[in-house]
Amino acid sequence: MSKVQTHHSQLPILPIRDRVLFPYLHVPLVVGRKRSIQAVQTAFSGDRLIFVTTQRNLKATEPSREDIYEYGTVAEILQIINMPDTTLRVRVLGRHRARLVDVTFENGCLIGDIQTIDTPSLEKENPVHLEALRRLLVRKFDDYVRKNGRIPLEVVANVTNMTSLDQLADTVSEALLIGNEEKQDLIEIIEVPKRMARLVEILDSEIEILNIERKIQTRVHRQIEKNQKEYYLNEQMRAIQKELKQKDDNGRDIEDLRTRIKALKLSENLEEMALKEVGRLEKMAPFSPEATVIRNYLDWVLALPWNIVTQDDTDVPHARSIMNEDHFGLEKPKERLLEYMAVLKLTQEIKGPVLCFVGPPGVGKTSVAKSLARALGRQFARISLGGVHDESDIRGHRRTYIGSMPGRIIQTLKKVKTKNPVILLDEIDKMGSDWRGDPAAALLEVLDPEQNKTFLDHYLDMEFDLSKIIFIATANSLYSIPPTLLDRMEILRFSSYTTDEKVSIANQFLIPKALKEHGLGEGSVKIDEDALRKIVHLYTREAGVRDLGRKIAQICRKVAVEWVQKNATDNSLKNIVIGLNDLHHYLGAADYIREKISVNAVGISTGLAWTDHGGETLTIEVTTTPGQGKVILTGKLGAVMQESAQTAFSLVKSHGAKLGIQQKSFNKIDLHVHVPEGAVPKDGPSAGIAMATAIASALSGGAVRKDVAMTGEVTLRGRVLPIGGLKEKVIAAFREGIKEVLFPRGNEKDLPEIPENIRSGLKLIPVDTIDDVLSRALQPAPLKPVMSPRKASHLPGTN
Ligand code: ADP
């Protein structure tokens with residue numbers, strides 16, 4: 001054991017809390033406590049030496065003798081920096097170990113009686129042993145620093161090069177990351193080899209701890225990794241299971257589809273086609289867009305009534321009673337439909353052309369077709385063709401289009417769920433065509449019994465048999481039906497109703513139906529005949545009975561409100577008879593005014609027209625103005641009507657002599673022909689004789705009889721040619737109070753169609769030539785003729 005040299009000195013004491021100060025080391029210290037600051041300042045003003053020792057009791061703010069360790073280090077204060085927060089930053093250099101012998105409190109700080117401890121000499125030690133110890137210590141320290149990872153590696157290099165073992169030991173001690181108590185131990189070991197041995201011990205234990213730490217860490221790390229892996233695998237497993245389950249569901253689904261397709265009992269090749277689609281579906285991811293397309297398609301295939309038919313009830317007397325139950329009159333269509341049924345019964349097959357009901361709106365076309373379906377016990381559906389101008393409307397879009405669908409025929413079959421419904425092809429005359437293909441051509445195929453057994457819808461792409469369907473077409477006029485279609489159809493005309501017919505329909509059908517619909521008891525409201533006639537004349541203007549039905553409904557609504565408001569138990573309210581004078585109360589002011597031509601006038605004749613909406617009277621006005629023999633036409637006249645005005649003018653010119661009009665005067669006047677009233681574009685040649693009459697009147701100055709109406713085409717030579725729609729026109733004339741109708745002799749065959757009461761209510765005069773017309777309609781000119789005198793003998797007055 002080496003000899004320890006000691007001597008004493010009085011030094012201020014600086015107790016520190018966060019570390020242990022070793023000799024040889026430069027260390028910055030933060031000094032904040034008042035006593036410590038005082039101690040530093042006292043030392044700094046003297047020989048700058050201060051005794052630095054670690055505080056044993058960390059809680060003591062003003063530590064006393066017992067609160068601090070006995071052994072510490074005497075340090076030299078190298079620098080003091082006053083910090084703004086009144087603390088001091090003090091840089092010190094540890095000089096040597098020392099021991100506190102006694103403590104006094106002077107000038108505000110602790111002053112210690114300090115005994116210096118000099119490091120014992122190593123001369124007597126075994127140098128080999130020391131070297132071995134040194135190497136061991138350095139190696140262990142190196143190992144420790146590397147494993148610890150928080151101490152700069154330079155410290156190791158530094159330590160390796162140190163020649164003083166004492167310095168080496170203290171430097172290592174300082175660097176170790178161990179507790180203050182252990183470090184304090186090292187301060188207290190004065191002899192160097194002993195201290196080095198202790199350090200090796202500490203390093204061993206620290207390294208062991210580090211090794212274990214590292215092991216634990218790897219294990220934890222591995223555990224976490226393992227957990228993650230398990231989690232990941234679990235997730236994958238779940239995904240796989242889900243997939244398998246879907247596949248399973250899908251598999252069941254696919255099998256289900258197959259069974260359902262087989263249950264359709266399709267023909268062999270159709271079944272094969274459908275099953276092929278199922279096969280394609282099976283190979284696809286269940287929720288892919290392609291799979292959805294195929295699924296939709298198969299839904300269509302499965303929803304169609306491939307083999308579902310209703311049994312026909314072909315009991316003709318029963319059918320007749322149903323038709324009569326539903327409709328007033330309409331004898332011809334009813335008879336034709338009964339024939340149709342009889343043939344159906346005998347042949348079990350739909351024979352002959354498709355029926356086409358032609359007539360103005362509201363005359364019962366739809367409703368008769370519905371009755372037929374009801375009588376036969378078939379489903380009924382209506383396809384509106386108005387505005388259809390694309391082939392794919394009829395025949396569908398190919399499946400390659402996004403959102404493609406079957407055409408209307410197949411759509412309708414899905415709806416009615418039987419393959420033999422009655423289908424009404426409504427407004428076949430309003431169908432157009434454009435660049436997307438002609439719907440008429442597709443329709444032709446639908447209606448053709450040769451082809452419709454194997455109708456191919458573009459979407460469905462499987463032949464469907466349409467031959468069991470009864471198709472009935474409707475049209476307002478035949479004008480715009482493509483001739484190829486017209487060829488395939490048998491036309492059945494529905495004509496306008498006369499006022500009497502309308503009154504009967506109202507009493508027998510419309511009023512009972514409206515009462516029922518409005519919850520009013522049977523027979524509780526009556527509209528007397530005069531009132532009904534007034535409704536027909538002044539509240540509606542139509543060929544059919546749609547508006548009449550609406551007006552009756554309007555009355556029922558008003559009655560219902562009154563019942564509810566007043567107390568429905570009051571019986572006086574329950575038998576209402578609506579008379580002429582009540583109409584204003586129930587319906588307000590009349591919608592139409594029947595303007596009567598009040599006097600026989602020059603240059604004004606009454607023609608008759610036939611439009612989609614039924615018959616109309618047509619006023620034709622002609623005036624002359626000075627000019628060069630031109631014809632001016634106004635009033636939205638169609639091309640044919642314009643031509644017929646020209647023809648009429650030429651005709652009157654050539655008949656001028658007969659009328660007493662001088663040839664040369666035609667060159668000095670212009671003729672203005674105007675057809676006022678009504679928004680319906682006027683066309684057709686049937687106003688020819690009416691125009692010629694008005695022109696003749698204007699030029700001759702003779703008035704036209706106001707109670708004569710006329711219809712007929714006229715040729716340049718004055719022949720009167722037959723026209724269409726005589727019945728409608730005569731009904732219109734009768735309605736307007738005309739007494740005499742001039743019509744082409746060629747139309748005499750149509751007379752039986754005109755209701756008896758009308759035929760007897762006015763005179764129907766067949767005419768052959770324009771002379772016949774003028775002789776009846778034109779009155780003699782006044783004695784002072786406008787243009788030139790006429791031979792009065794030629795025009796017998798007929799008033
Ligand atoms: P359309 O198809 O000719 O345009 P609708 O068949 O739709 O006309 O007839 C319109 C309404 O008039 C329907 O409620 C219908 O029942 C009724 N109707 C038409 N004609 C008659 C009639 N002769 N007998 C009974 N009701 C009729």
# chains A, B, ... in the order shown; residues from 1 in each chain; ligands from 1
>>> residues_around(residues="segment 178-188 of chain A", least_positions_apart="6", cutoff="8 Å", atoms="only C-alpha atoms", output="PyMOL selection string")
chain A and resi 18-20+22+54+71-72+97+195+198
>>> residues_around(residues="segment 276-291 of chain A", least_positions_apart="6", cutoff="8 Å", atoms="only C-alpha atoms", output="VMD selection string")
chain A and resid 250 to 251 254 257 to 258 298
>>> residues_near_ligand(ligand="ligand 1", cutoff="7 Å", atoms="only C-alpha atoms and all ligand atoms", output="list in words")
Asp326, His327, Phe328, Gly329, Leu330, Gly359, Pro360, Pro361, Gly362, Val363, Gly364, Lys365, Thr366, Ser367, Val368, Ile505, Phe509, Leu510, Gly544, Val545, Arg546 and Gly549 of chain A
>>> write_last_selection(atoms="all heavy atoms", output="short mmCIF file (atom, residue, chain, number, x, y, z; two decimals), in the first residue's frame")
data_model
loop_
_atom_site.label_atom_id
_atom_site.label_comp_id
_atom_site.auth_asym_id
_atom_site.auth_seq_id
_atom_site.Cartn_x
_atom_site.Cartn_y
_atom_site.Cartn_z
N ASP A 326 -119.36 -2.31 -72.56
CA ASP A 326 -118.34 -1.27 -72.48
C ASP A 326 -118.61 -0.08 -73.40
O ASP A 326 -118.08 0.99 -73.18
CB ASP A 326 -116.95 -1.84 -72.83
CG ASP A 326 -116.45 -2.80 -71.77
OD1 ASP A 326 -117.09 -2.86 -70.70
OD2 ASP A 326 -115.42 -3.47 -72.00
N HIS A 327 -119.36 -0.32 -74.48
CA HIS A 327 -119.46 0.74 -75.50
C HIS A 327 -120.85 0.94 -76.05
O HIS A 327 -121.58 -0.01 -76.27
CB HIS A 327 -118.53 0.44 -76.67
CG HIS A 327 -117.12 0.46 -76.28
ND1 HIS A 327 -116.44 -0.68 -76.00
CD2 HIS A 327 -116.26 1.49 -76.08
CE1 HIS A 327 -115.21 -0.38 -75.65
NE2 HIS A 327 -115.07 0.93 -75.67
N PHE A 328 -121.10 2.17 -76.35
CA PHE A 328 -122.30 2.52 -77.06
C PHE A 328 -121.96 2.54 -78.55
O PHE A 328 -120.90 3.03 -78.94
CB PHE A 328 -122.75 3.92 -76.62
CG PHE A 328 -123.85 4.49 -77.45
CD1 PHE A 328 -125.18 4.25 -77.13
CD2 PHE A 328 -123.57 5.27 -78.56
CE1 PHE A 328 -126.20 4.78 -77.90
CE2 PHE A 328 -124.59 5.80 -79.33
CZ PHE A 328 -125.92 5.55 -79.01
N GLY A 329 -122.87 2.05 -79.41
CA GLY A 329 -122.65 2.13 -80.85
C GLY A 329 -121.43 1.36 -81.29
O GLY A 329 -121.20 0.24 -80.85
N LEU A 330 -120.67 1.99 -82.19
CA LEU A 330 -119.44 1.37 -82.72
C LEU A 330 -119.72 -0.02 -83.30
O LEU A 330 -118.93 -0.94 -83.14
CB LEU A 330 -118.36 1.27 -81.64
CG LEU A 330 -117.89 2.59 -81.03
CD1 LEU A 330 -116.93 2.32 -79.88
CD2 LEU A 330 -117.22 3.46 -82.08
N GLY A 359 -109.23 6.98 -86.66
CA GLY A 359 -110.29 7.92 -86.33
C GLY A 359 -109.77 9.00 -85.41
O GLY A 359 -108.65 8.90 -84.91
N PRO A 360 -110.57 10.03 -85.19
CA PRO A 360 -110.13 11.13 -84.35
C PRO A 360 -109.92 10.68 -82.90
O PRO A 360 -110.37 9.58 -82.54
CB PRO A 360 -111.27 12.14 -84.43
CG PRO A 360 -112.29 11.58 -85.34
CD PRO A 360 -111.93 10.20 -85.71
N PRO A 361 -109.28 11.48 -82.09
CA PRO A 361 -109.04 11.08 -80.70
C PRO A 361 -110.34 10.99 -79.92
O PRO A 361 -111.29 11.70 -80.22
CB PRO A 361 -108.19 12.22 -80.14
CG PRO A 361 -107.74 13.03 -81.30
CD PRO A 361 -108.68 12.79 -82.41
N GLY A 362 -110.36 10.12 -78.96
CA GLY A 362 -111.48 10.05 -78.03
C GLY A 362 -112.72 9.37 -78.55
O GLY A 362 -113.80 9.52 -77.98
N VAL A 363 -112.60 8.60 -79.63
CA VAL A 363 -113.80 7.95 -80.16
C VAL A 363 -113.86 6.47 -79.78
O VAL A 363 -114.66 5.73 -80.33
CB VAL A 363 -113.91 8.11 -81.69
CG1 VAL A 363 -114.18 9.55 -82.05
CG2 VAL A 363 -112.66 7.60 -82.38
N GLY A 364 -113.00 6.05 -78.87
CA GLY A 364 -113.13 4.70 -78.33
C GLY A 364 -112.21 3.66 -78.94
O GLY A 364 -112.40 2.47 -78.72
N LYS A 365 -111.18 4.07 -79.64
CA LYS A 365 -110.29 3.08 -80.28
C LYS A 365 -109.57 2.24 -79.21
O LYS A 365 -109.58 1.01 -79.26
CB LYS A 365 -109.27 3.80 -81.18
CG LYS A 365 -109.91 4.62 -82.29
CD LYS A 365 -108.90 5.22 -83.23
CE LYS A 365 -107.96 6.22 -82.58
NZ LYS A 365 -108.64 7.44 -82.09
N THR A 366 -108.96 2.95 -78.27
CA THR A 366 -108.23 2.23 -77.22
C THR A 366 -109.19 1.38 -76.41
O THR A 366 -108.92 0.22 -76.10
CB THR A 366 -107.56 3.25 -76.27
OG1 THR A 366 -106.82 4.16 -77.05
CG2 THR A 366 -106.67 2.57 -75.27
N SER A 367 -110.31 1.98 -76.12
CA SER A 367 -111.19 1.30 -75.20
C SER A 367 -111.82 0.06 -75.83
O SER A 367 -112.04 -0.95 -75.15
CB SER A 367 -112.13 2.34 -74.61
OG SER A 367 -113.41 2.13 -74.82
N VAL A 368 -112.04 0.08 -77.14
CA VAL A 368 -112.56 -1.12 -77.82
C VAL A 368 -111.49 -2.23 -77.81
O VAL A 368 -111.80 -3.41 -77.56
CB VAL A 368 -113.00 -0.79 -79.26
CG1 VAL A 368 -113.16 -2.06 -80.08
CG2 VAL A 368 -114.30 -0.02 -79.24
N ILE A 505 -123.77 8.45 -75.00
CA ILE A 505 -122.56 7.92 -74.36
C ILE A 505 -122.41 8.51 -72.96
O ILE A 505 -122.09 7.82 -72.00
CB ILE A 505 -121.30 8.21 -75.22
CG1 ILE A 505 -121.37 7.40 -76.52
CG2 ILE A 505 -120.03 7.87 -74.46
CD1 ILE A 505 -120.29 7.74 -77.53
N PHE A 509 -122.59 5.83 -70.18
CA PHE A 509 -121.24 5.41 -69.77
C PHE A 509 -120.49 6.45 -68.94
O PHE A 509 -120.03 6.16 -67.85
CB PHE A 509 -120.40 5.03 -70.99
CG PHE A 509 -120.95 3.86 -71.73
CD1 PHE A 509 -121.84 4.02 -72.78
CD2 PHE A 509 -120.61 2.58 -71.33
CE1 PHE A 509 -122.36 2.92 -73.44
CE2 PHE A 509 -121.13 1.48 -71.99
CZ PHE A 509 -122.01 1.64 -73.05
N LEU A 510 -120.40 7.67 -69.51
CA LEU A 510 -119.51 8.63 -68.86
C LEU A 510 -120.03 9.07 -67.50
O LEU A 510 -119.25 9.15 -66.53
CB LEU A 510 -119.28 9.84 -69.78
CG LEU A 510 -118.74 9.51 -71.18
CD1 LEU A 510 -118.57 10.79 -72.00
CD2 LEU A 510 -117.40 8.79 -71.08
N GLY A 544 -114.49 13.18 -80.48
CA GLY A 544 -114.74 12.10 -79.53
C GLY A 544 -115.43 12.60 -78.28
O GLY A 544 -116.13 13.62 -78.31
N VAL A 545 -115.18 11.89 -77.17
CA VAL A 545 -115.88 12.26 -75.94
C VAL A 545 -114.93 12.47 -74.77
O VAL A 545 -115.34 12.42 -73.63
CB VAL A 545 -116.94 11.18 -75.57
CG1 VAL A 545 -118.08 11.20 -76.56
CG2 VAL A 545 -116.32 9.80 -75.50
N ARG A 546 -113.65 12.72 -75.08
CA ARG A 546 -112.70 12.89 -73.98
C ARG A 546 -112.97 14.11 -73.16
O ARG A 546 -113.04 14.06 -71.93
CB ARG A 546 -111.28 12.97 -74.53
CG ARG A 546 -110.63 11.65 -74.46
CD ARG A 546 -109.17 11.74 -74.67
NE ARG A 546 -108.81 10.47 -75.28
CZ ARG A 546 -107.77 10.26 -76.03
NH1 ARG A 546 -106.93 11.25 -76.27
NH2 ARG A 546 -107.55 9.08 -76.53
N GLY A 549 -116.07 13.87 -71.20
CA GLY A 549 -115.80 13.10 -69.98
C GLY A 549 -115.17 13.99 -68.92
O GLY A 549 -115.52 13.92 -67.73
#
>>> select_by_dssp(residues="segment 530-715 of chain A", states="strand (DSSP E or B)", output="ChimeraX atom specification")
/A:576-578,601-602,604-611,614-626,631-634,637,669-674,682,703-704,708-710,713-714
>>> residues_around(residues="Leu460 of chain A", least_positions_apart="3", cutoff="12 Å", atoms="only C-alpha atoms", output="ChimeraX atom specification")
/A:270,273-274,277,294,296-304,395-400,404-411,455-457,463-464
>>> write_last_selection(atoms="N, CA, C and O atoms", output="short mmCIF file (atom, residue, chain, number, x, y, z; two decimals), in the first residue's frame")
data_model
loop_
_atom_site.label_atom_id
_atom_site.label_comp_id
_atom_site.auth_asym_id
_atom_site.auth_seq_id
_atom_site.Cartn_x
_atom_site.Cartn_y
_atom_site.Cartn_z
N LEU A 270 -81.73 -22.32 -77.99
CA LEU A 270 -81.85 -21.12 -77.15
C LEU A 270 -81.33 -21.42 -75.75
O LEU A 270 -80.63 -20.61 -75.14
N MET A 273 -77.70 -21.30 -75.77
CA MET A 273 -77.19 -19.93 -75.78
C MET A 273 -77.20 -19.32 -74.38
O MET A 273 -76.23 -18.70 -73.94
N ALA A 274 -78.32 -19.52 -73.69
CA ALA A 274 -78.44 -18.94 -72.35
C ALA A 274 -77.43 -19.57 -71.40
O ALA A 274 -76.77 -18.88 -70.62
N GLU A 277 -74.00 -18.20 -71.70
CA GLU A 277 -73.82 -16.94 -70.98
C GLU A 277 -73.54 -17.22 -69.50
O GLU A 277 -72.72 -16.57 -68.88
N ILE A 294 -73.81 -9.32 -67.83
CA ILE A 294 -74.37 -10.64 -68.13
C ILE A 294 -75.52 -10.97 -67.20
O ILE A 294 -76.55 -11.51 -67.62
N ASN A 296 -77.60 -8.86 -65.79
CA ASN A 296 -78.77 -8.13 -66.27
C ASN A 296 -79.41 -8.84 -67.44
O ASN A 296 -80.63 -8.98 -67.52
N TYR A 297 -78.57 -9.28 -68.33
CA TYR A 297 -79.06 -9.95 -69.52
C TYR A 297 -79.83 -11.21 -69.13
O TYR A 297 -80.96 -11.44 -69.57
N LEU A 298 -79.24 -12.00 -68.24
CA LEU A 298 -79.91 -13.25 -67.83
C LEU A 298 -81.21 -12.95 -67.09
O LEU A 298 -82.19 -13.67 -67.22
N ASP A 299 -81.22 -11.82 -66.35
CA ASP A 299 -82.46 -11.42 -65.69
C ASP A 299 -83.57 -11.22 -66.72
O ASP A 299 -84.71 -11.62 -66.52
N TRP A 300 -83.19 -10.57 -67.83
CA TRP A 300 -84.18 -10.36 -68.90
C TRP A 300 -84.66 -11.71 -69.44
O TRP A 300 -85.85 -11.94 -69.59
N VAL A 301 -83.70 -12.56 -69.74
CA VAL A 301 -84.06 -13.86 -70.32
C VAL A 301 -85.02 -14.59 -69.38
O VAL A 301 -86.04 -15.14 -69.81
N LEU A 302 -84.71 -14.53 -68.08
CA LEU A 302 -85.51 -15.28 -67.11
C LEU A 302 -86.89 -14.66 -66.90
O LEU A 302 -87.83 -15.34 -66.52
N ALA A 303 -86.99 -13.33 -67.15
CA ALA A 303 -88.26 -12.67 -66.86
C ALA A 303 -89.26 -12.77 -68.02
O ALA A 303 -90.42 -12.39 -67.87
N LEU A 304 -88.81 -13.24 -69.16
CA LEU A 304 -89.72 -13.25 -70.32
C LEU A 304 -90.64 -14.47 -70.32
O LEU A 304 -90.25 -15.55 -69.91
N ARG A 395 -86.59 -2.54 -81.57
CA ARG A 395 -85.82 -3.76 -81.62
C ARG A 395 -84.67 -3.82 -80.60
O ARG A 395 -83.93 -4.80 -80.55
N GLY A 396 -84.50 -2.76 -79.82
CA GLY A 396 -83.46 -2.79 -78.78
C GLY A 396 -82.07 -2.45 -79.29
O GLY A 396 -81.84 -2.37 -80.49
N HIS A 397 -81.18 -2.22 -78.31
CA HIS A 397 -79.78 -1.93 -78.61
C HIS A 397 -78.95 -3.18 -78.41
O HIS A 397 -79.21 -3.94 -77.49
N ARG A 398 -77.93 -3.33 -79.21
CA ARG A 398 -77.02 -4.45 -78.97
C ARG A 398 -76.40 -4.34 -77.59
O ARG A 398 -76.23 -3.26 -77.08
N ARG A 399 -76.02 -5.49 -77.05
CA ARG A 399 -75.53 -5.50 -75.68
C ARG A 399 -74.19 -4.80 -75.52
O ARG A 399 -73.76 -4.53 -74.43
N THR A 400 -73.53 -4.52 -76.64
CA THR A 400 -72.23 -3.85 -76.54
C THR A 400 -72.37 -2.41 -76.07
O THR A 400 -71.43 -1.82 -75.60
N SER A 404 -77.53 -0.75 -72.47
CA SER A 404 -78.47 -1.10 -73.53
C SER A 404 -79.63 -1.91 -72.96
O SER A 404 -79.54 -2.50 -71.88
N MET A 405 -80.73 -1.91 -73.69
CA MET A 405 -81.96 -2.53 -73.22
C MET A 405 -82.68 -3.15 -74.41
O MET A 405 -82.44 -2.76 -75.54
N PRO A 406 -83.58 -4.06 -74.13
CA PRO A 406 -84.39 -4.59 -75.23
C PRO A 406 -85.33 -3.49 -75.74
O PRO A 406 -85.53 -2.48 -75.08
N GLY A 407 -85.91 -3.72 -76.90
CA GLY A 407 -86.86 -2.76 -77.45
C GLY A 407 -88.21 -2.87 -76.76
O GLY A 407 -88.40 -3.67 -75.84
N ARG A 408 -89.17 -2.03 -77.22
CA ARG A 408 -90.45 -1.92 -76.51
C ARG A 408 -91.27 -3.20 -76.55
O ARG A 408 -92.03 -3.47 -75.63
N ILE A 409 -91.13 -3.96 -77.63
CA ILE A 409 -91.95 -5.18 -77.73
C ILE A 409 -91.55 -6.14 -76.60
O ILE A 409 -92.41 -6.61 -75.84
N ILE A 410 -90.24 -6.37 -76.50
CA ILE A 410 -89.77 -7.30 -75.46
C ILE A 410 -90.05 -6.74 -74.07
O ILE A 410 -90.46 -7.45 -73.16
N GLN A 411 -89.87 -5.42 -73.92
CA GLN A 411 -90.16 -4.81 -72.62
C GLN A 411 -91.61 -5.03 -72.22
O GLN A 411 -91.92 -5.31 -71.06
N PHE A 455 -88.82 -13.43 -84.08
CA PHE A 455 -88.41 -12.03 -83.93
C PHE A 455 -87.09 -11.95 -83.15
O PHE A 455 -86.93 -12.58 -82.11
N LEU A 456 -86.18 -11.16 -83.72
CA LEU A 456 -84.87 -11.07 -83.07
C LEU A 456 -84.66 -9.66 -82.53
O LEU A 456 -84.47 -8.71 -83.29
N ASP A 457 -84.73 -9.54 -81.23
CA ASP A 457 -84.43 -8.26 -80.58
C ASP A 457 -82.90 -8.17 -80.48
O ASP A 457 -82.24 -9.15 -80.14
N GLU A 463 -84.19 -15.61 -80.52
CA GLU A 463 -85.46 -15.45 -81.23
C GLU A 463 -86.63 -15.61 -80.27
O GLU A 463 -86.65 -16.51 -79.44
N PHE A 464 -87.60 -14.70 -80.41
CA PHE A 464 -88.80 -14.81 -79.57
C PHE A 464 -90.00 -14.89 -80.50
O PHE A 464 -90.09 -14.19 -81.50
#
>>> atom_distance(atom1="atom CA of Leu608 of chain A", atom2="atom CA of Pro744 of chain A")
12.4 Å
>>> atom_distance(atom1="atom CA of Gly627 of chain A", atom2="atom CA of Ile661 of chain A")
16.4 Å
>>> residues_around(residues="Ile765 of chain A", least_positions_apart="3", cutoff="8 Å", atoms="only C-alpha atoms", output="list in words")
Glu740, Val741, Leu742 and Phe743 of chain A
>>> write_last_selection(atoms="C-alpha atoms", output="PDB file, in the first residue's frame")
ATOM      1  CA  GLU A 740    -127.683  22.215 -97.053  1.00  0.00           C
ATOM      2  CA  VAL A 741    -124.470  20.355 -97.868  1.00  0.00           C
ATOM      3  CA  LEU A 742    -123.188  20.094-101.420  1.00  0.00           C
ATOM      4  CA  PHE A 743    -121.018  17.023-101.918  1.00  0.00           C
TER       5      PHE A 743
END
>>> select_by_dssp(residues="segment 568-733 of chain A", states="helix (DSSP H, G or I)", output="number ranges by chain")
A: 571-573, 580-587, 639-654, 656-659, 663-668, 685-700, 726-733
>>> atom_distance(atom1="atom CA of Thr474 of chain A", atom2="atom CA of Leu344 of chain A")
21.0 Å
>>> closest_residue(among="A:Ile695, A:Ile68, A:Val309, A:Met462", to="Ser267 of chain A", atoms="only C-alpha atoms")
A:Met462
>>> closest_atom_pairs(of="segment 337-373 of chain A", to="segment 446-449 of chain A", cutoff="10 Å", atoms="only C-alpha atoms", output="tab-separated table")
residue	atom	partner	partner_atom	distance
A:Ile350	CA	A:Pro449	CA	8.5
A:Lys351	CA	A:Pro449	CA	8.3
A:Gly352	CA	A:Pro449	CA	8.7
A:Pro353	CA	A:Leu447	CA	8.5
A:Val354	CA	A:Leu447	CA	7.1
>>> write_last_selection(atoms="C-alpha atoms", output="JSON list (two decimals), in the first residue's frame")
[["chain", "number", "residue", "atom", "x", "y", "z"],
["A", 350, "ILE", "CA", -104.12, -15.37, -85.67],
["A", 351, "LYS", "CA", -105.00, -14.98, -89.29],
["A", 352, "GLY", "CA", -105.18, -12.09, -91.64],
["A", 353, "PRO", "CA", -103.83, -8.60, -91.53],
["A", 354, "VAL", "CA", -103.34, -6.53, -88.43]]
>>> residues_around(residues="Val138 of chain A", least_positions_apart="2", cutoff="9 Å", atoms="only C-alpha atoms", output="PyMOL selection string")
chain A and resi 133-136+140-143+156+159-160+168+172
>>> closest_residue(among="A:Lys526, A:Lys749, A:Arg378, A:Lys226", to="Ile308 of chain A", atoms="only C-alpha atoms")
A:Arg378
>>> closest_residue(among="A:Arg745, A:Arg705, A:His26, A:Arg260", to="Leu774 of chain A", atoms="only C-alpha atoms")
A:Arg705
>>> residues_around(residues="segment 668-673 of chain A", least_positions_apart="2", cutoff="6 Å", atoms="only C-alpha atoms", output="ChimeraX atom specification")
/A:621-633,665-666
>>> decode(residues="segment 685-694 of chain A", atoms="N, CA, C and O atoms", output="CSV table (one decimal), in the first residue's frame")
chain,number,residue,atom,x,y,z
A,685,PRO,N,-107.4,18.8,-101.1
A,685,PRO,CA,-108.0,19.5,-102.3
A,685,PRO,C,-109.5,19.7,-102.1
A,685,PRO,O,-110.2,20.2,-102.9
A,686,SER,N,-110.1,19.2,-100.9
A,686,SER,CA,-111.5,19.1,-100.8
A,686,SER,C,-112.2,20.5,-100.7
A,686,SER,O,-113.4,20.5,-100.7
A,687,ALA,N,-111.4,21.5,-100.5
A,687,ALA,CA,-112.1,22.9,-100.4
A,687,ALA,C,-112.2,23.5,-101.8
A,687,ALA,O,-112.6,24.7,-101.9
A,688,GLY,N,-111.8,22.8,-102.8
A,688,GLY,CA,-111.8,23.3,-104.2
A,688,GLY,C,-113.1,24.0,-104.6
A,688,GLY,O,-113.1,25.2,-105.0
A,689,ILE,N,-114.3,23.4,-104.4
A,689,ILE,CA,-115.5,24.0,-104.9
A,689,ILE,C,-115.9,25.2,-104.0
A,689,ILE,O,-116.4,26.2,-104.5
A,690,ALA,N,-115.5,25.1,-102.7
A,690,ALA,CA,-115.8,26.3,-101.8
A,690,ALA,C,-115.0,27.5,-102.2
A,690,ALA,O,-115.5,28.6,-102.2
A,691,MET,N,-113.7,27.2,-102.6
A,691,MET,CA,-112.9,28.4,-103.1
A,691,MET,C,-113.4,29.0,-104.4
A,691,MET,O,-113.5,30.2,-104.5
A,692,ALA,N,-113.7,28.1,-105.3
A,692,ALA,CA,-114.2,28.5,-106.6
A,692,ALA,C,-115.5,29.4,-106.3
A,692,ALA,O,-115.7,30.4,-107.0
A,693,THR,N,-116.4,28.9,-105.4
A,693,THR,CA,-117.6,29.7,-105.1
A,693,THR,C,-117.3,31.1,-104.6
A,693,THR,O,-117.9,32.1,-105.0
A,694,ALA,N,-116.4,31.1,-103.6
A,694,ALA,CA,-116.0,32.4,-103.0
A,694,ALA,C,-115.4,33.4,-104.1
A,694,ALA,O,-115.7,34.5,-104.1
